[in-house]
Amino acid sequence: MLFFDLLIAWALSMLGGALFGLAPFFLGKHMGKPNLGRLGWKWCTVAGLLFLQVPVALGFIVAIFVRDYDYYPAPAPVASPAMPRTAPAVQGAVKLGVTALSGAMKGRTYPIGNAGVVIGRDYDCAVRFESGTPGVSRHHCTLRYQGGGLVLTDLSSAYGTYLADGRKLPPQYPTSVGAGSRFYVGDQSNLFQIVIIN
């Protein structure tokens with residue numbers, strides 16, 4: 001009888017954990033960090049086994065407010081059919097940068113270091129637009145090395161990040177790019193190209 005009581009208590013606690021997990025789930029979705037919200041919901045459900053769903057839910061709520069970026073489980077880079085993966089094979093021997101082809105920063109080139117670069121309006125962005133630039137979010141997108149290649153990731157921006165052919169990148173999903181790849185942020189007036197720099 002005690003075993004069944006414990007089993008029922010655990011089942012109810014896991015159900016309670018799933019319900020508590022809805023708080024970080026919906027908060028993450030609302031604040032542009034859906035992956036972190038989903039992770040919080042899963043961990044709250046599991047934490048229900050140990051009756052720890054409340055502190056786990058609170059921890060994820062704090063993380064959603066504090067983190068600048070969403071959590072991403074580092075999926076393998078996806079090669080775009082229009083952008084063949086030619087550059088990653090030589091990236092160890094060359095240095096890549098991103099050049100603004102149009103807009104307020106036209107002609108400027110920014111090197112892409114080991115930590116990558118963030119493009120946006122916030123003070124900590126390596127490629128920084130002026131405050132109030134229409135169509136550009138505080139942290140709009142990032143270029144970084146992953147899995148031996150360069151990937152472009154939209155950071156759940158309001159107006160989106162697009163490849164040169166007009167395809168919109170899914171939020172928080174790394175897409176392979178290489179030397180010669182073009183993309184724009186917000187609209188086509190903010191066009192960039194990946195270039196080889198000396």
# chains A, B, ... in the order shown; residues from 1 in each chain; ligands from 1

call {"tool": "residues_around", "arguments": {"residues": "A:Thr153", "least_positions_apart": "6", "cutoff": "9 Å", "atoms": "only C-alpha atoms", "output": "VMD selection string"}}
result
chain A and resid 140 to 144 161 169 to 176

call {"tool": "write_last_selection", "arguments": {"atoms": "N, CA and C atoms", "output": "PDB file, in the first residue's frame"}}
result
ATOM      1  N   HIS A 140      20.851  41.122 -33.065  1.00  0.00           N
ATOM      2  CA  HIS A 140      20.085  40.679 -34.226  1.00  0.00           C
ATOM      3  C   HIS A 140      20.497  39.281 -34.693  1.00  0.00           C
ATOM      4  N   CYS A 141      21.795  39.105 -34.970  1.00  0.00           N
ATOM      5  CA  CYS A 141      22.273  37.807 -35.437  1.00  0.00           C
ATOM      6  C   CYS A 141      23.748  37.664 -35.067  1.00  0.00           C
ATOM      7  N   THR A 142      24.269  36.460 -35.246  1.00  0.00           N
ATOM      8  CA  THR A 142      25.665  36.202 -34.918  1.00  0.00           C
ATOM      9  C   THR A 142      26.311  35.347 -36.006  1.00  0.00           C
ATOM     10  N   LEU A 143      27.591  35.588 -36.218  1.00  0.00           N
ATOM     11  CA  LEU A 143      28.430  34.748 -37.069  1.00  0.00           C
ATOM     12  C   LEU A 143      29.464  34.110 -36.170  1.00  0.00           C
ATOM     13  N   ARG A 144      29.562  32.770 -36.189  1.00  0.00           N
ATOM     14  CA  ARG A 144      30.542  32.097 -35.344  1.00  0.00           C
ATOM     15  C   ARG A 144      30.934  30.778 -35.979  1.00  0.00           C
ATOM     16  N   THR A 161      16.566  37.729 -40.184  1.00  0.00           N
ATOM     17  CA  THR A 161      17.828  37.692 -40.917  1.00  0.00           C
ATOM     18  C   THR A 161      17.588  36.855 -42.161  1.00  0.00           C
ATOM     19  N   LEU A 169      15.987  33.136 -42.200  1.00  0.00           N
ATOM     20  CA  LEU A 169      16.563  32.113 -41.323  1.00  0.00           C
ATOM     21  C   LEU A 169      15.623  31.834 -40.161  1.00  0.00           C
ATOM     22  N   PRO A 170      15.455  30.564 -39.779  1.00  0.00           N
ATOM     23  CA  PRO A 170      14.666  30.274 -38.578  1.00  0.00           C
ATOM     24  C   PRO A 170      15.391  30.802 -37.349  1.00  0.00           C
ATOM     25  N   PRO A 171      14.683  31.345 -36.375  1.00  0.00           N
ATOM     26  CA  PRO A 171      15.337  31.867 -35.169  1.00  0.00           C
ATOM     27  C   PRO A 171      16.120  30.785 -34.439  1.00  0.00           C
ATOM     28  N   GLN A 172      17.302  31.154 -33.963  1.00  0.00           N
ATOM     29  CA  GLN A 172      18.148  30.298 -33.129  1.00  0.00           C
ATOM     30  C   GLN A 172      18.586  29.020 -33.833  1.00  0.00           C
ATOM     31  N   TYR A 173      18.655  29.034 -35.164  1.00  0.00           N
ATOM     32  CA  TYR A 173      19.056  27.834 -35.897  1.00  0.00           C
ATOM     33  C   TYR A 173      20.257  28.154 -36.773  1.00  0.00           C
ATOM     34  N   PRO A 174      21.443  27.617 -36.437  1.00  0.00           N
ATOM     35  CA  PRO A 174      22.656  27.932 -37.202  1.00  0.00           C
ATOM     36  C   PRO A 174      22.562  27.443 -38.652  1.00  0.00           C
ATOM     37  N   THR A 175      22.916  28.312 -39.584  1.00  0.00           N
ATOM     38  CA  THR A 175      22.910  27.998 -41.009  1.00  0.00           C
ATOM     39  C   THR A 175      24.307  28.216 -41.568  1.00  0.00           C
ATOM     40  N   SER A 176      24.831  27.247 -42.285  1.00  0.00           N
ATOM     41  CA  SER A 176      26.190  27.336 -42.821  1.00  0.00           C
ATOM     42  C   SER A 176      26.325  28.446 -43.854  1.00  0.00           C
TER      43      SER A 176
END

call {"tool": "residues_around", "arguments": {"residues": "stretch 178-195 of chain A", "least_positions_apart": "5", "cutoff": "6 Å", "atoms": "only C-alpha atoms", "output": "list in words"}}
result
Ala87, Leu96, Gly97, Val98, Thr99, Ala100, Leu101, Ser102, Gly103, Gly135, Val136, Tyr159, Gly160, Thr161, Tyr162, Leu163 and Ala164 of chain A

call {"tool": "closest_residue", "arguments": {"among": "A:Trp43, A:Phe51, A:Phe4, A:Tyr123", "to": "A:Gly16", "atoms": "only C-alpha atoms"}}
result
A:Phe51

call {"tool": "residues_around", "arguments": {"residues": "A:Lys42", "least_positions_apart": "5", "cutoff": "9 Å", "atoms": "only C-alpha atoms", "output": "list in words"}}
result
Gly17, Ala18, Gly21, Gly37 and Ala47 of chain A

call {"tool": "select_by_dssp", "arguments": {"residues": "chain A", "states": "strand (DSSP E)", "output": "ChimeraX atom specification"}}
result
/A:95-100,109-111,117-120,127-128,141-146,149-154,161-163,175-177,182-185,191-197

call {"tool": "write_last_selection", "arguments": {"atoms": "C-alpha atoms", "output": "short mmCIF file (atom, residue, chain, number, x, y, z; two decimals), in the first residue's frame"}}
result
data_model
loop_
_atom_site.label_atom_id
_atom_site.label_comp_id
_atom_site.auth_asym_id
_atom_site.auth_seq_id
_atom_site.Cartn_x
_atom_site.Cartn_y
_atom_site.Cartn_z
CA LYS A 95 40.78 34.55 -42.05
CA LEU A 96 37.21 35.54 -42.71
CA GLY A 97 35.44 38.83 -42.18
CA VAL A 98 32.06 40.37 -42.84
CA THR A 99 31.78 43.44 -45.09
CA ALA A 100 28.82 45.83 -45.21
CA THR A 109 34.91 45.13 -42.88
CA TYR A 110 34.85 43.38 -39.51
CA PRO A 111 37.10 40.35 -38.83
CA VAL A 117 30.76 38.46 -34.04
CA VAL A 118 27.36 39.70 -32.98
CA ILE A 119 25.47 42.10 -35.25
CA GLY A 120 22.94 44.47 -33.70
CA VAL A 127 29.04 45.09 -35.79
CA ARG A 128 27.04 47.86 -34.15
CA CYS A 141 22.27 37.81 -35.44
CA THR A 142 25.67 36.20 -34.92
CA LEU A 143 28.43 34.75 -37.07
CA ARG A 144 30.54 32.10 -35.34
CA TYR A 145 32.55 29.00 -36.02
CA GLN A 146 30.83 25.71 -35.27
CA GLY A 149 32.57 25.85 -40.45
CA LEU A 150 31.09 29.32 -40.16
CA VAL A 151 27.41 29.59 -39.23
CA LEU A 152 24.96 32.49 -39.28
CA THR A 153 22.30 32.43 -36.55
CA ASP A 154 19.34 34.76 -36.16
CA THR A 161 17.83 37.69 -40.92
CA TYR A 162 17.74 36.70 -44.59
CA LEU A 163 20.06 35.04 -47.07
CA THR A 175 22.91 28.00 -41.01
CA SER A 176 26.19 27.34 -42.82
CA VAL A 177 27.76 30.20 -44.71
CA ARG A 182 25.58 37.30 -48.67
CA PHE A 183 22.86 38.04 -46.13
CA TYR A 184 20.90 41.00 -44.85
CA VAL A 185 19.41 42.02 -41.53
CA LEU A 191 23.39 43.80 -46.93
CA PHE A 192 26.56 41.97 -45.80
CA GLN A 193 29.00 39.56 -47.46
CA ILE A 194 31.44 37.07 -45.95
CA VAL A 195 34.92 37.87 -47.31
CA ILE A 196 38.45 36.52 -47.02
CA ILE A 197 40.75 39.02 -45.33
#

call {"tool": "closest_residue", "arguments": {"among": "A:Ser131, A:Phe65, A:Ala57, A:Gly113", "to": "A:His30", "atoms": "only C-alpha atoms"}}
result
A:Phe65

call {"tool": "select_by_dssp", "arguments": {"residues": "stretch 12-193 of chain A", "states": "helix (DSSP H, G or I)", "output": "PDB file with C-alpha atoms, in the first residue's frame"}}
result
ATOM      1  CA  LEU A  12       1.232  13.933  -9.003  1.00  0.00           C
ATOM      2  CA  SER A  13       4.539  15.649  -8.316  1.00  0.00           C
ATOM      3  CA  MET A  14       5.641  15.145 -11.941  1.00  0.00           C
ATOM      4  CA  LEU A  15       2.304  16.521 -13.096  1.00  0.00           C
ATOM      5  CA  GLY A  16       2.863  19.486 -10.784  1.00  0.00           C
ATOM      6  CA  GLY A  17       6.349  19.884 -12.227  1.00  0.00           C
ATOM      7  CA  ALA A  18       4.915  19.950 -15.739  1.00  0.00           C
ATOM      8  CA  LEU A  19       2.427  22.622 -14.637  1.00  0.00           C
ATOM      9  CA  PHE A  20       5.171  24.692 -12.938  1.00  0.00           C
ATOM     10  CA  GLY A  21       7.234  24.267 -16.104  1.00  0.00           C
ATOM     11  CA  LEU A  22       4.601  26.118 -18.098  1.00  0.00           C
ATOM     12  CA  ALA A  23       5.788  29.366 -16.464  1.00  0.00           C
ATOM     13  CA  PRO A  24       9.319  29.279 -17.995  1.00  0.00           C
ATOM     14  CA  PHE A  25       7.872  27.754 -21.192  1.00  0.00           C
ATOM     15  CA  PHE A  26       5.511  30.654 -21.906  1.00  0.00           C
ATOM     16  CA  LEU A  27       7.904  33.287 -20.537  1.00  0.00           C
ATOM     17  CA  GLY A  28      10.689  32.002 -22.813  1.00  0.00           C
ATOM     18  CA  LYS A  29       8.339  32.048 -25.783  1.00  0.00           C
ATOM     19  CA  HIS A  30       7.230  35.597 -24.967  1.00  0.00           C
ATOM     20  CA  PRO A  34      11.813  29.513 -26.749  1.00  0.00           C
ATOM     21  CA  ASN A  35      14.558  26.887 -26.493  1.00  0.00           C
ATOM     22  CA  LEU A  36      15.390  27.934 -22.933  1.00  0.00           C
ATOM     23  CA  GLY A  37      11.669  27.882 -22.068  1.00  0.00           C
ATOM     24  CA  ARG A  38      11.232  24.366 -23.460  1.00  0.00           C
ATOM     25  CA  LEU A  39      14.295  23.188 -21.554  1.00  0.00           C
ATOM     26  CA  GLY A  40      12.838  24.691 -18.348  1.00  0.00           C
ATOM     27  CA  TRP A  41       9.557  22.884 -18.883  1.00  0.00           C
ATOM     28  CA  LYS A  42      11.337  19.538 -19.370  1.00  0.00           C
ATOM     29  CA  TRP A  43      13.564  19.991 -16.315  1.00  0.00           C
ATOM     30  CA  CYS A  44      10.629  21.053 -14.136  1.00  0.00           C
ATOM     31  CA  THR A  45       8.790  17.885 -15.113  1.00  0.00           C
ATOM     32  CA  VAL A  46      11.800  15.705 -14.247  1.00  0.00           C
ATOM     33  CA  ALA A  47      12.460  17.684 -11.045  1.00  0.00           C
ATOM     34  CA  GLY A  48       8.967  16.693  -9.946  1.00  0.00           C
ATOM     35  CA  LEU A  49      10.391  13.256  -9.130  1.00  0.00           C
ATOM     36  CA  LEU A  50      12.438  14.868  -6.346  1.00  0.00           C
ATOM     37  CA  GLN A  53       9.959  21.700  -9.377  1.00  0.00           C
ATOM     38  CA  VAL A  54       9.520  25.121  -7.728  1.00  0.00           C
ATOM     39  CA  PRO A  55      13.243  25.994  -7.362  1.00  0.00           C
ATOM     40  CA  VAL A  56      13.972  24.625 -10.853  1.00  0.00           C
ATOM     41  CA  ALA A  57      11.152  26.713 -12.359  1.00  0.00           C
ATOM     42  CA  LEU A  58      12.411  29.822 -10.536  1.00  0.00           C
ATOM     43  CA  GLY A  59      15.958  29.139 -11.745  1.00  0.00           C
ATOM     44  CA  PHE A  60      14.850  28.968 -15.372  1.00  0.00           C
ATOM     45  CA  ILE A  61      12.698  32.098 -15.006  1.00  0.00           C
ATOM     46  CA  VAL A  62      15.740  33.989 -13.703  1.00  0.00           C
ATOM     47  CA  ALA A  63      17.886  32.554 -16.522  1.00  0.00           C
ATOM     48  CA  ILE A  64      15.383  33.723 -19.138  1.00  0.00           C
ATOM     49  CA  PHE A  65      15.527  37.271 -17.749  1.00  0.00           C
ATOM     50  CA  VAL A  66      19.323  37.361 -17.289  1.00  0.00           C
ATOM     51  CA  ALA A  87      34.635  27.875 -47.461  1.00  0.00           C
ATOM     52  CA  PRO A  88      34.803  25.626 -44.348  1.00  0.00           C
ATOM     53  CA  ALA A  89      37.362  23.377 -46.029  1.00  0.00           C
TER      54      ALA A  89
END
